[in-house]
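File shown: input_27.csv (CSV, C-alpha atoms and all ligand atoms).
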```csv
chain,number,residue,atom,x,y,z
A,1,MET,CA,16.2,20.8,11.5
A,2,LYS,CA,12.9,22.7,11.9
A,3,SER,CA,10.1,21.9,9.5
A,4,GLU,CA,10.3,25.4,7.8
A,5,THR,CA,14.0,24.8,7.1
A,6,ALA,CA,13.4,21.2,6.0
A,7,CYS,CA,10.9,22.4,3.4
A,8,LEU,CA,13.9,24.1,1.7
A,9,HIS,CA,16.9,22.1,2.7
A,10,ALA,CA,16.0,18.6,3.7
A,11,VAL,CA,17.1,17.2,0.4
A,12,ARG,CA,19.9,18.6,-1.7
A,13,ASP,CA,19.8,17.4,-5.3
A,14,THR,CA,23.0,15.5,-6.0
A,15,THR,CA,22.0,14.0,-9.3
A,16,HIS,CA,23.6,16.9,-11.3
A,17,SER,CA,26.8,18.8,-11.1
A,18,THR,CA,25.8,22.3,-12.2
A,19,GLY,CA,25.0,23.6,-8.8
A,20,ALA,CA,21.5,24.5,-9.8
A,21,VAL,CA,19.6,25.6,-6.7
A,22,ALA,CA,16.2,24.7,-8.2
A,23,THR,CA,15.7,21.0,-9.0
A,24,PRO,CA,16.0,20.5,-12.8
A,25,ILE,CA,13.1,19.1,-14.7
A,26,TYR,CA,14.2,15.8,-16.3
A,27,GLN,CA,11.7,15.8,-19.0
A,28,THR,CA,12.6,12.4,-20.3
A,29,ALA,CA,10.7,9.1,-20.7
A,30,THR,CA,13.7,6.9,-20.8
A,31,PHE,CA,17.4,6.9,-19.9
A,32,ALA,CA,20.3,5.5,-22.0
A,33,HIS,CA,22.4,2.8,-20.5
A,34,PRO,CA,26.2,3.4,-20.3
A,35,ALA,CA,27.0,-0.1,-21.3
A,36,PHE,CA,25.5,-3.6,-21.6
A,37,GLY,CA,24.0,-4.7,-18.4
A,38,GLN,CA,24.6,-1.3,-16.8
A,39,SER,CA,22.2,1.5,-15.6
A,40,THR,CA,22.7,5.0,-14.4
A,41,GLY,CA,20.2,4.1,-11.7
A,42,TYR,CA,17.4,5.4,-13.9
A,43,ASP,CA,15.9,3.2,-16.7
A,44,TYR,CA,12.4,4.4,-17.5
A,45,SER,CA,10.5,7.3,-15.9
A,46,ARG,CA,7.5,5.1,-14.8
A,47,SER,CA,10.0,3.4,-12.5
A,48,GLN,CA,11.8,6.5,-11.4
A,49,ASN,CA,12.8,10.0,-12.6
A,50,PRO,CA,15.3,12.3,-10.9
A,51,THR,CA,12.9,15.2,-10.5
A,52,ARG,CA,10.2,12.9,-9.0
A,53,GLU,CA,12.9,11.2,-6.8
A,54,HIS,CA,13.9,14.5,-5.3
A,55,LEU,CA,10.4,15.4,-4.4
A,56,GLU,CA,9.7,11.9,-2.9
A,57,LYS,CA,12.8,12.2,-0.7
A,58,LEU,CA,11.7,15.7,0.4
A,59,VAL,CA,8.1,14.5,1.3
A,60,ALA,CA,9.5,11.4,3.1
A,61,ALA,CA,11.9,13.6,5.1
A,62,LEU,CA,9.1,16.1,6.1
A,63,GLU,CA,6.8,13.3,7.2
A,64,GLY,CA,9.6,11.4,9.0
A,65,GLY,CA,8.9,8.4,6.7
A,66,SER,CA,11.3,5.7,5.3
A,67,ASP,CA,10.1,6.6,1.8
A,68,ALA,CA,7.4,8.5,-0.2
A,69,ILE,CA,5.9,7.6,-3.5
A,70,ALA,CA,4.6,10.4,-5.7
A,71,PHE,CA,1.4,9.8,-7.8
A,72,SER,CA,-0.5,11.7,-10.4
A,73,THR,CA,-3.3,12.5,-8.0
A,74,GLY,CA,-4.3,11.9,-4.4
A,75,MET,CA,-6.9,9.3,-5.6
A,76,ALA,CA,-4.2,7.5,-7.5
A,77,ALA,CA,-2.2,7.2,-4.3
A,78,ILE,CA,-5.2,5.8,-2.3
A,79,ALA,CA,-6.2,3.5,-5.2
A,80,THR,CA,-2.7,2.1,-5.4
A,81,VAL,CA,-2.4,1.6,-1.6
A,82,MET,CA,-5.7,-0.3,-1.8
A,83,GLU,CA,-3.9,-2.8,-4.0
A,84,LEU,CA,-2.1,-4.0,-0.9
A,85,PHE,CA,-5.3,-5.8,0.1
A,86,LYS,CA,-6.8,-9.0,-1.3
A,87,ILE,CA,-10.3,-10.6,-1.5
A,88,GLY,CA,-11.8,-11.1,1.9
A,89,ASP,CA,-9.6,-8.4,3.6
A,90,GLU,CA,-11.5,-5.8,5.6
A,91,LEU,CA,-10.9,-2.1,6.1
A,92,ILE,CA,-12.3,0.2,8.7
A,93,ALA,CA,-12.6,3.8,7.4
A,94,THR,CA,-13.5,7.1,9.0
A,95,GLU,CA,-17.2,7.7,8.0
A,96,ASP,CA,-16.8,11.4,7.5
A,97,LEU,CA,-14.3,10.9,4.7
A,98,TYR,CA,-13.5,12.8,1.5
A,99,GLY,CA,-16.3,11.8,-1.0
A,100,GLY,CA,-13.8,10.6,-3.6
A,101,SER,CA,-12.3,8.1,-1.1
A,102,ILE,CA,-15.9,6.9,-0.3
A,103,ARG,CA,-16.6,6.5,-4.0
A,104,LEU,CA,-13.3,4.5,-4.4
A,105,PHE,CA,-14.1,2.2,-1.4
A,106,ASN,CA,-17.8,1.7,-2.3
A,107,TYR,CA,-17.6,1.2,-6.0
A,108,ILE,CA,-14.1,-0.2,-6.6
A,109,SER,CA,-12.6,-1.7,-3.5
A,110,GLN,CA,-15.8,-3.5,-2.5
A,111,LYS,CA,-16.2,-4.8,-6.1
A,112,ASN,CA,-12.7,-6.2,-5.7
A,113,GLY,CA,-13.8,-8.2,-2.7
A,114,ILE,CA,-12.5,-5.9,0.1
A,115,GLY,CA,-15.0,-5.2,2.8
A,116,VAL,CA,-15.1,-1.6,4.0
A,117,HIS,CA,-16.8,-0.7,7.3
A,118,TYR,CA,-17.3,3.0,8.2
A,119,ALA,CA,-17.0,4.3,11.8
A,120,ASP,CA,-16.5,7.5,13.6
A,121,THR,CA,-12.8,6.9,14.2
A,122,ALA,CA,-12.8,9.6,16.8
A,123,ASN,CA,-14.9,7.2,18.8
A,124,LEU,CA,-12.4,4.4,19.9
A,125,ALA,CA,-15.2,2.1,21.1
A,126,ALA,CA,-16.9,2.3,17.6
A,127,VAL,CA,-13.6,1.3,15.9
A,128,LYS,CA,-12.9,-1.5,18.4
A,129,ALA,CA,-16.4,-3.0,17.8
A,130,LEU,CA,-15.6,-3.4,14.1
A,131,ILE,CA,-12.2,-5.1,14.4
A,132,THR,CA,-12.2,-8.7,13.3
A,133,ASP,CA,-9.5,-11.2,12.2
A,134,LYS,CA,-10.2,-10.0,8.7
A,135,THR,CA,-9.4,-6.4,9.4
A,136,LYS,CA,-6.2,-5.4,7.6
A,137,ALA,CA,-6.2,-1.6,7.9
A,138,ILE,CA,-7.8,1.4,9.5
A,139,PHE,CA,-8.1,4.3,7.1
A,140,ILE,CA,-8.2,7.6,9.0
A,141,GLU,CA,-8.8,11.1,7.8
A,142,SER,CA,-8.2,13.8,10.4
A,143,PRO,CA,-9.5,16.4,10.6
A,144,THR,CA,-12.3,15.0,8.5
A,145,ASN,CA,-13.7,16.4,5.3
A,146,PRO,CA,-16.0,18.4,5.7
A,147,MET,CA,-17.1,18.1,9.4
A,148,MET,CA,-13.7,18.6,11.0
A,149,LEU,CA,-13.7,15.6,13.3
A,150,VAL,CA,-10.4,14.7,14.8
A,151,THR,CA,-9.1,11.1,15.5
A,152,ASP,CA,-6.6,10.3,18.2
A,153,ILE,CA,-4.1,8.5,16.0
A,154,ALA,CA,-1.9,7.2,18.8
A,155,ALA,CA,-4.9,5.8,20.6
A,156,VAL,CA,-6.1,3.9,17.4
A,157,LYS,CA,-2.6,2.6,17.0
A,158,GLU,CA,-2.7,1.3,20.7
A,159,LEU,CA,-6.0,-0.3,19.9
A,160,VAL,CA,-4.5,-2.5,17.2
A,161,LYS,CA,-1.3,-3.4,19.1
A,162,GLY,CA,-0.1,-6.9,18.4
A,163,ARG,CA,-2.4,-7.3,15.3
A,164,ASP,CA,-1.4,-7.1,11.7
A,165,ILE,CA,-3.4,-4.0,11.0
A,166,LEU,CA,-2.1,-1.0,9.0
A,167,ILE,CA,-2.8,2.5,10.2
A,168,ILE,CA,-3.3,4.7,7.1
A,169,VAL,CA,-3.8,8.4,7.7
A,170,ASP,CA,-4.9,10.9,5.1
A,171,ASN,CA,-2.9,14.0,6.2
A,172,THR,CA,-4.0,16.3,3.4
A,173,PHE,CA,-5.6,18.9,5.7
A,174,LEU,CA,-2.7,19.4,8.1
A,175,THR,CA,0.4,18.4,6.1
A,176,PRO,CA,3.6,17.4,7.9
A,177,TYR,CA,4.1,21.1,8.8
A,178,PHE,CA,1.3,20.8,11.4
A,179,CYS,CA,1.1,17.0,12.1
A,180,LYS,CA,3.4,14.0,11.5
A,181,PRO,CA,1.2,10.9,11.7
A,182,ILE,CA,4.1,8.5,11.5
A,183,GLU,CA,5.4,9.8,14.8
A,184,LEU,CA,1.9,8.9,16.2
A,185,GLY,CA,2.0,5.4,14.9
A,186,ALA,CA,0.8,5.6,11.3
A,187,ASP,CA,2.2,3.0,8.8
A,188,ILE,CA,1.2,4.9,5.7
A,189,VAL,CA,0.5,8.6,5.3
A,190,ILE,CA,-1.6,9.7,2.3
A,191,HIS,CA,-1.6,13.2,0.7
A,192,SER,CA,-3.5,14.9,-2.0
A,193,GLY,CA,-0.5,16.9,-3.0
A,194,THR,CA,-2.9,18.9,-5.1
A,195,LYS,CA,-3.7,20.8,-2.0
A,196,TYR,CA,-1.3,22.4,0.5
A,197,LEU,CA,1.9,20.7,-0.6
A,198,SER,CA,1.8,22.2,-4.1
A,199,GLY,CA,-0.3,25.0,-2.8
A,200,HIS,CA,-1.1,27.1,-5.8
A,201,ASN,CA,-4.1,25.4,-7.4
A,202,ASP,CA,-2.0,24.7,-10.5
A,203,THR,CA,-1.3,21.0,-10.4
A,204,LEU,CA,-2.6,17.6,-9.3
A,205,ALA,CA,-0.4,15.2,-7.2
A,206,GLY,CA,-0.6,12.5,-4.6
A,207,PHE,CA,1.7,10.7,-2.1
A,208,ALA,CA,1.9,7.6,-0.1
A,209,VAL,CA,4.5,7.9,2.6
A,210,THR,CA,5.6,4.8,4.4
A,211,ALA,CA,7.0,4.2,7.9
A,212,LYS,CA,8.9,1.1,6.9
A,213,GLU,CA,11.0,0.1,3.9
A,214,GLU,CA,9.2,-3.2,3.4
A,215,LEU,CA,5.9,-1.4,2.8
A,216,ALA,CA,7.6,1.1,0.5
A,217,GLU,CA,8.9,-1.7,-1.6
A,218,ARG,CA,5.5,-3.2,-2.0
A,219,ILE,CA,3.9,0.1,-2.9
A,220,ARG,CA,6.7,0.9,-5.4
A,221,PHE,CA,6.1,-2.5,-7.1
A,222,LEU,CA,2.4,-1.7,-7.3
A,223,THR,CA,3.0,1.8,-8.6
A,224,LYS,CA,5.5,0.6,-11.3
A,225,THR,CA,2.9,-1.9,-12.3
A,226,THR,CA,-0.2,0.2,-12.4
A,227,GLY,CA,1.6,3.4,-13.5
A,228,ALA,CA,-0.1,6.5,-12.1
A,229,VAL,CA,3.2,8.2,-11.3
A,230,LEU,CA,3.8,12.0,-11.1
A,231,ALA,CA,5.2,13.6,-14.2
A,232,PRO,CA,8.6,15.5,-14.0
A,233,PHE,CA,7.1,19.0,-14.5
A,234,ASP,CA,4.4,18.4,-11.8
A,235,SER,CA,7.1,17.0,-9.5
A,236,PHE,CA,9.0,20.3,-10.0
A,237,LEU,CA,5.9,22.3,-9.2
A,238,VAL,CA,5.2,20.4,-6.0
A,239,THR,CA,8.8,20.8,-4.9
A,240,ARG,CA,8.6,24.5,-5.6
A,241,GLY,CA,5.3,24.7,-3.7
A,242,ILE,CA,6.8,23.0,-0.6
A,243,LYS,CA,9.5,25.7,-0.4
A,244,THR,CA,6.8,28.1,0.9
A,245,LEU,CA,4.6,25.5,2.8
A,246,ALA,CA,5.4,27.0,6.2
A,247,ILE,CA,4.6,30.6,5.5
A,248,ARG,CA,1.5,29.8,3.4
A,249,LEU,CA,0.1,27.5,6.2
A,250,GLU,CA,0.9,30.1,8.9
A,251,LYS,CA,-0.9,32.8,7.0
A,252,ALA,CA,-3.8,30.6,5.9
A,253,GLN,CA,-4.3,29.4,9.5
A,254,GLN,CA,-4.3,33.0,10.8
A,255,ASN,CA,-7.0,33.8,8.2
A,256,ALA,CA,-9.0,30.7,9.2
A,257,ILE,CA,-9.0,31.7,12.9
A,258,GLY,CA,-10.1,35.2,12.0
A,259,LEU,CA,-12.8,33.9,9.6
A,260,ALA,CA,-14.1,31.3,12.1
A,261,GLU,CA,-14.4,33.9,14.8
A,262,TRP,CA,-16.2,36.3,12.5
A,263,LEU,CA,-18.5,33.7,11.1
A,264,LYS,CA,-19.5,32.5,14.6
A,265,LYS,CA,-20.9,36.0,15.3
A,266,HIS,CA,-22.9,36.4,12.1
A,267,PRO,CA,-26.7,36.1,12.6
A,268,LYS,CA,-27.1,33.9,9.5
A,269,VAL,CA,-24.4,31.5,10.5
A,270,LYS,CA,-25.8,28.7,12.7
A,271,SER,CA,-22.6,26.7,13.5
A,272,VAL,CA,-18.9,26.8,12.6
A,273,ASN,CA,-16.7,23.7,12.5
A,274,TYR,CA,-13.1,24.7,12.9
A,275,VAL,CA,-10.5,22.7,14.9
A,276,GLY,CA,-8.7,25.9,15.9
A,277,LEU,CA,-11.7,27.3,17.9
A,278,PRO,CA,-11.2,26.6,21.6
A,279,GLU,CA,-14.8,25.3,21.9
A,280,HIS,CA,-14.1,22.6,19.2
A,281,PRO,CA,-14.5,19.3,21.0
A,282,SER,CA,-11.0,18.2,19.7
A,283,TYR,CA,-9.2,21.5,20.3
A,284,GLU,CA,-7.0,20.0,23.0
A,285,LEU,CA,-6.4,16.7,21.2
A,286,SER,CA,-5.4,18.7,18.1
A,287,LYS,CA,-2.9,20.7,20.1
A,288,ARG,CA,-1.5,17.4,21.5
A,289,GLN,CA,-1.1,15.6,18.2
A,290,GLY,CA,0.1,18.5,16.1
A,291,SER,CA,1.5,22.0,16.0
A,292,GLY,CA,-1.4,23.7,14.3
A,293,PHE,CA,-5.1,23.4,13.3
A,294,GLY,CA,-4.9,24.0,9.6
A,295,ALA,CA,-7.1,26.4,7.6
A,296,MET,CA,-10.2,24.4,6.7
A,297,ILE,CA,-13.6,25.5,8.0
A,298,SER,CA,-17.1,24.3,7.4
A,299,PHE,CA,-20.2,26.2,8.5
A,300,SER,CA,-23.9,26.0,8.4
A,301,VAL,CA,-26.1,28.9,7.4
A,302,ASP,CA,-29.8,29.4,8.3
A,303,THR,CA,-31.3,28.2,5.1
A,304,ALA,CA,-30.4,26.5,1.8
A,305,GLU,CA,-31.4,29.8,0.1
A,306,THR,CA,-28.7,31.7,2.1
A,307,ALA,CA,-26.1,29.0,1.1
A,308,ARG,CA,-27.0,29.4,-2.6
A,309,THR,CA,-27.0,33.2,-2.6
A,310,LEU,CA,-23.7,33.3,-0.7
A,311,LEU,CA,-22.1,31.1,-3.3
A,312,GLU,CA,-23.5,33.3,-6.1
A,313,ARG,CA,-22.5,36.6,-4.4
A,314,ILE,CA,-18.9,35.8,-3.3
A,315,ASN,CA,-16.5,37.7,-5.5
A,316,LEU,CA,-13.0,37.6,-4.1
A,317,ILE,CA,-13.5,34.2,-2.6
A,318,LEU,CA,-13.9,31.7,-5.4
A,319,TYR,CA,-16.7,29.1,-5.6
A,320,ALA,CA,-14.6,26.2,-6.6
A,321,GLU,CA,-13.8,22.6,-5.6
A,322,SER,CA,-10.4,21.8,-4.0
A,323,LEU,CA,-8.6,23.4,-1.1
A,324,GLY,CA,-5.2,24.2,0.3
A,325,GLY,CA,-4.1,26.7,-2.3
A,326,VAL,CA,-3.2,30.4,-1.9
A,327,GLU,CA,-6.7,31.5,-3.1
A,328,THR,CA,-9.6,31.2,-0.6
A,329,LEU,CA,-12.1,28.8,-2.1
A,330,MET,CA,-15.6,27.8,-1.0
A,331,THR,CA,-17.5,24.6,-1.9
A,332,TYR,CA,-20.9,23.2,-1.4
A,333,PRO,CA,-20.2,19.6,-0.2
A,334,ALA,CA,-23.7,18.3,-0.8
A,335,THR,CA,-23.4,18.8,-4.6
A,336,GLN,CA,-19.7,18.8,-5.1
A,337,THR,CA,-17.2,16.8,-3.0
A,338,HIS,CA,-19.9,14.6,-1.4
A,339,ALA,CA,-22.4,14.3,-4.3
A,340,ASP,CA,-21.8,10.6,-4.6
A,341,VAL,CA,-22.5,9.8,-1.0
A,342,PRO,CA,-26.1,8.5,-0.6
A,343,GLU,CA,-28.4,11.3,0.5
A,344,ALA,CA,-29.6,9.8,3.7
A,345,GLU,CA,-26.1,9.0,4.9
A,346,ARG,CA,-24.9,12.5,3.8
A,347,ILE,CA,-27.6,14.3,5.7
A,348,ALA,CA,-27.2,12.1,8.8
A,349,ARG,CA,-23.5,13.3,8.9
A,350,GLY,CA,-24.6,16.9,8.7
A,351,ILE,CA,-23.7,17.4,5.1
A,352,ASP,CA,-26.9,19.0,4.2
A,353,ASP,CA,-28.0,21.9,1.9
A,354,ARG,CA,-27.0,24.5,4.5
A,355,LEU,CA,-23.4,23.4,4.9
A,356,LEU,CA,-20.5,25.2,3.2
A,357,ARG,CA,-16.8,24.5,3.2
A,358,LEU,CA,-14.1,27.1,3.1
A,359,SER,CA,-10.4,26.7,2.5
A,360,ALA,CA,-8.7,29.9,3.8
A,361,GLY,CA,-6.1,31.2,1.5
A,362,ILE,CA,-3.4,33.9,2.1
A,363,GLU,CA,-5.3,37.1,1.1
A,364,ALA,CA,-5.7,40.0,3.6
A,365,LEU,CA,-8.2,38.9,6.3
A,366,GLU,CA,-10.1,42.2,6.0
A,367,ASP,CA,-10.7,41.6,2.3
A,368,LEU,CA,-12.1,38.1,2.9
A,369,ILE,CA,-14.4,39.4,5.6
A,370,GLU,CA,-15.6,42.2,3.4
A,371,ASP,CA,-16.4,39.7,0.7
A,372,LEU,CA,-18.3,37.4,3.1
A,373,GLU,CA,-20.1,40.3,4.7
A,374,ALA,CA,-21.4,41.6,1.4
A,375,ALA,CA,-22.4,38.1,0.2
A,376,LEU,CA,-24.3,37.3,3.5
A,377,ALA,CA,-26.1,40.7,3.6
A,401,LIG,C1,-8.7,14.7,2.1
A,401,LIG,C2,-8.5,14.4,0.7
A,401,LIG,N1,-7.9,13.3,0.4
A,401,LIG,C3,-7.8,12.9,-0.9
A,401,LIG,C4,-8.2,13.7,-2.0
A,401,LIG,C5,-8.0,13.3,-3.4
A,401,LIG,O1,-7.0,14.0,-4.0
A,401,LIG,P1,-6.9,14.4,-5.5
A,401,LIG,O2,-8.0,15.3,-5.8
A,401,LIG,O3,-5.5,15.0,-5.7
A,401,LIG,O4,-7.0,13.1,-6.3
A,401,LIG,C6,-8.8,14.9,-1.7
A,401,LIG,C7,-9.3,15.8,-2.7
A,401,LIG,O5,-10.0,16.7,-2.5
A,401,LIG,C8,-9.0,15.3,-0.3
A,401,LIG,O6,-9.6,16.4,0.1
```
Would you mind writing the file's structure down as structure tokens?
Ligand SMILES: Cc1ncc(COP(=O)(O)O)c(C=O)c1O
Amino acid sequence: MKSETACLHAVRDTTHSTGAVATPIYQTATFAHPAFGQSTGYDYSRSQNPTREHLEKLVAALEGGSDAIAFSTGMAAIATVMELFKIGDELIATEDLYGGSIRLFNYISQKNGIGVHYADTANLAAVKALITDKTKAIFIESPTNPMMLVTDIAAVKELVKGRDILIIVDNTFLTPYFCKPIELGADIVIHSGTKYLSGHNDTLAGFAVTAKEELAERIRFLTKTTGAVLAPFDSFLVTRGIKTLAIRLEKAQQNAIGLAEWLKKHPKVKSVNYVGLPEHPSYELSKRQGSGFGAMISFSVDTAETARTLLERINLILYAESLGGVETLMTYPATQTHADVPEAERIARGIDDRLLRLSAGIEALEDLIEDLEAALA
């Protein structure tokens, strides 16, 4: 079954008998037992709820995973996965990571005794140099947020062959519609379901998708214990969002290509980072390890003043955090998504006061260009 069909039909709800085409919202905290010592299969919604279960099966099917666990946010998914590790374990993480993940690793994981080392995971030699007997996982974001660096996931997997090291990939930017990291060797795939999967900027969600059942069981135990599960109504919203994932992503990508080409030619734009531009250093790798480039762009303008006025003047495009929804959004990583990253580190990675990040939505490209043209005038 092709991905666009799978988004609609990979999982048919068999938990009810009405024939409802849309998944019902089981807005219940608990479930009555039919008799002493018996269960309907559902006991308490922190452990499982039919609406969430439907969505989890759908996301697992799309990613080609053994299971998927749905969380209240993407950060809750990452924080729960980090509970797999113990004091003294070490993690190697992509250095150009979403700022919230860096905050979690630096302020919580390290406090809990887990060593986190950052590397440009696109550079295999840099990753190899950090691997020790204590390394228990490599946490990859690809393309990265916000610099759009791409990691060769299969090559990293090859690097850790024979070792007990988990490959964890944050696939938020590409989604299983464009890339399936488990096919490339990932053990766990992370999503901020807040983004493309739900797709309408109207709910928060997160996922951990596992390649193997044993890992799923461990994460389910941790999730049941720590409790940041996705609520029934939010599960319904994400299931509904996934129905249009394919057409939203195709249109958003088409807009991103058009915007990147247009931005490249603008005299006030000094550089454009978009994986779908043939001159992007990882254009060929992206084509090899996925079927699309996504719709995230970052770009540098000539001065900090231009960046500030652009954000003040955009009208159709919204100056707002987040990404992956139907509306085109623009953010200022230096003070928003990456505000907690130490300044020197941030600037060294190119996240300075001239950098802007754009998440292309599904509006008419002409309208988006008109908005940017007026804002950059
Ligand atoms: C790549 C990436 N991973 C994880 C997250 C965290 O997800 P959430 O905001 O749903 O907690 C984000 C949020 O922006 C993100 O961009």
For this session: Point out the residue among A:Ser45, A:Asn106, A:Ser286, A:Ser322 with the least atom-to-atom distance to ligand LIG 401 (chain A), counting all atoms listed in the file.
Result: A:Ser322
Exercise. How would you write as a list in words the residues that get within 12 Å of (13.5, 24.7, 8.4) in the file's frame, counting only C-alpha atoms?
Worked result: Met1, Lys2, Ser3, Glu4, Thr5, Ala6, Cys7, Leu8, His9, Ala10, Val11, Ala61, Leu62, Tyr177, Ile242, Lys243, Thr244, Leu245, Ala246 and Ile247 of chain A
Exercise. Contacts of Ala256 (chain A) at 10 Å or less, counting only C-alpha atoms, minus same-chain residues fewer than 4 places along, as a list in words?
Worked result: Glu250, Lys251, Ala252, Ala260, Glu261, Trp262, Tyr274, Val275, Gly276, Leu277, Phe293, Gly294, Ala295, Met296, Ile297, Thr328, Leu358, Ser359, Ala360, Gly361, Ile362 and Leu365 of chain A
For this session: Find the residue from A:Val209, A:Ile78, A:Ile69, A:Leu323 that sits nearest to Ser235 (chain A); use all atoms listed in the file when measuring.
Result: A:Ile69
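Coordinates place CA of Ser47 (chain A) at a distance of 9.7 Å from CA of Thr30 (chain A).
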List every residue of chain A that has an atom at most 8 Å from any atom of ligand LIG 401 (chain A), and for each one report the closest atom pair and its distance in Å to one decimal, counting only C-alpha atoms and all ligand atoms, with rows sorted by chain and then by increasing residue number, as a tab-separated table.
```
residue	atom	partner	partner_atom	distance
A:Ser72	CA	A:LIG401	O3	7.6
A:Thr73	CA	A:LIG401	O3	4.0
A:Gly74	CA	A:LIG401	O1	3.4
A:Met75	CA	A:LIG401	O4	3.9
A:Ala76	CA	A:LIG401	O4	6.4
A:Ala77	CA	A:LIG401	O4	7.9
A:Ile78	CA	A:LIG401	C3	7.7
A:Leu97	CA	A:LIG401	C1	7.2
A:Tyr98	CA	A:LIG401	C1	5.2
A:Gly100	CA	A:LIG401	C5	6.4
A:Ser101	CA	A:LIG401	C3	6.6
A:Glu141	CA	A:LIG401	C1	6.7
A:Thr144	CA	A:LIG401	C1	7.3
A:Asn145	CA	A:LIG401	C1	6.2
A:Asp170	CA	A:LIG401	N1	6.1
A:Asn171	CA	A:LIG401	C1	7.1
A:Thr172	CA	A:LIG401	C1	5.1
A:Phe173	CA	A:LIG401	C1	6.3
A:Ile190	CA	A:LIG401	N1	7.5
A:His191	CA	A:LIG401	N1	6.3
A:Ser192	CA	A:LIG401	O1	4.1
A:Gly193	CA	A:LIG401	O3	6.0
A:Thr194	CA	A:LIG401	O3	4.7
A:Lys195	CA	A:LIG401	O3	7.1
A:Leu204	CA	A:LIG401	O3	5.3
A:Ala205	CA	A:LIG401	O3	5.3
A:Gly206	CA	A:LIG401	O3	5.6
A:Glu321	CA	A:LIG401	O5	7.7
A:Ser322	CA	A:LIG401	O5	5.3
A:Leu323	CA	A:LIG401	O5	7.0
A:Thr337	CA	A:LIG401	O5	7.2
```
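Closest to Leu84 (chain A) among A:Ala216, A:Ala344, A:Leu372, A:Ile131 is A:Ala216, based on all atoms listed in the file.
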Problem set entry | Separation of CA of Gln254 (chain A) from CA of Ile153 (chain A) in Å | 25.0 Å
For this session: Pull the neighbourhood of (-11.0, 33.3, -5.1) for me: all residues within 9 Å in file coordinates, counting all atoms listed in the file, as a PyMOL selection string.
Result: chain A and resi 314-320+326-330+361
Problem set entry | Contacts of Arg220 (chain A) within 12 Å, all atoms listed in the file, excl. fewer than 4 positions in-chain, as an MDAnalysis selection string | chainID A and resid 46:48 56 67:71 77 80:81 83:84 207:210 213:216 224:229
Deliver the residues from the most recent selection as a file, using C-alpha atoms, as a PDB file, in the coordinates of the input.
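Output saved as out28.pdb:
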```
ATOM      1  CA  ARG A  46       7.500   5.100 -14.800  1.00  0.00           C
ATOM      2  CA  SER A  47      10.000   3.400 -12.500  1.00  0.00           C
ATOM      3  CA  GLN A  48      11.800   6.500 -11.400  1.00  0.00           C
ATOM      4  CA  GLU A  56       9.700  11.900  -2.900  1.00  0.00           C
ATOM      5  CA  ASP A  67      10.100   6.600   1.800  1.00  0.00           C
ATOM      6  CA  ALA A  68       7.400   8.500  -0.200  1.00  0.00           C
ATOM      7  CA  ILE A  69       5.900   7.600  -3.500  1.00  0.00           C
ATOM      8  CA  ALA A  70       4.600  10.400  -5.700  1.00  0.00           C
ATOM      9  CA  PHE A  71       1.400   9.800  -7.800  1.00  0.00           C
ATOM     10  CA  ALA A  77      -2.200   7.200  -4.300  1.00  0.00           C
ATOM     11  CA  THR A  80      -2.700   2.100  -5.400  1.00  0.00           C
ATOM     12  CA  VAL A  81      -2.400   1.600  -1.600  1.00  0.00           C
ATOM     13  CA  GLU A  83      -3.900  -2.800  -4.000  1.00  0.00           C
ATOM     14  CA  LEU A  84      -2.100  -4.000  -0.900  1.00  0.00           C
ATOM     15  CA  PHE A 207       1.700  10.700  -2.100  1.00  0.00           C
ATOM     16  CA  ALA A 208       1.900   7.600  -0.100  1.00  0.00           C
ATOM     17  CA  VAL A 209       4.500   7.900   2.600  1.00  0.00           C
ATOM     18  CA  THR A 210       5.600   4.800   4.400  1.00  0.00           C
ATOM     19  CA  GLU A 213      11.000   0.100   3.900  1.00  0.00           C
ATOM     20  CA  GLU A 214       9.200  -3.200   3.400  1.00  0.00           C
ATOM     21  CA  LEU A 215       5.900  -1.400   2.800  1.00  0.00           C
ATOM     22  CA  ALA A 216       7.600   1.100   0.500  1.00  0.00           C
ATOM     23  CA  LYS A 224       5.500   0.600 -11.300  1.00  0.00           C
ATOM     24  CA  THR A 225       2.900  -1.900 -12.300  1.00  0.00           C
ATOM     25  CA  THR A 226      -0.200   0.200 -12.400  1.00  0.00           C
ATOM     26  CA  GLY A 227       1.600   3.400 -13.500  1.00  0.00           C
ATOM     27  CA  ALA A 228      -0.100   6.500 -12.100  1.00  0.00           C
ATOM     28  CA  VAL A 229       3.200   8.200 -11.300  1.00  0.00           C
TER      29      VAL A 229
END
```
Problem set entry | Exercise: Thr335 (chain A) partners within 10 Å, all atoms listed in the file, chain neighbours under 5 positions left out, as a list in words | Asp340, Val341, Ile351, Asp352 and Asp353 of chain A
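You can rank A:Arg12, A:Lys180, A:Lys134, A:Lys128 by their closest distance to Gly115 (chain A) using all atoms listed in the file, and at the top of that list sits A:Lys134.
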For this session: To one decimal in Å, tell me the separation between CA of Pro267 (chain A) and CA of Pro146 (chain A).
Result: 21.8 Å
Problem set entry | Spatial neighbours of Leu356 (chain A), max dist 8 Å, only C-alpha atoms, sep filter under 4 positions, as a list in words | Ser298, Phe299, Ser300, Val301, Ala307, Met330, Thr331, Tyr332 and Pro333 of chain A
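Here the question is which of A:Pro176, A:Gly325, A:Gly350, A:Gly290 gets nearest to Val59 (chain A) using only C-alpha atoms, and that residue is A:Pro176.
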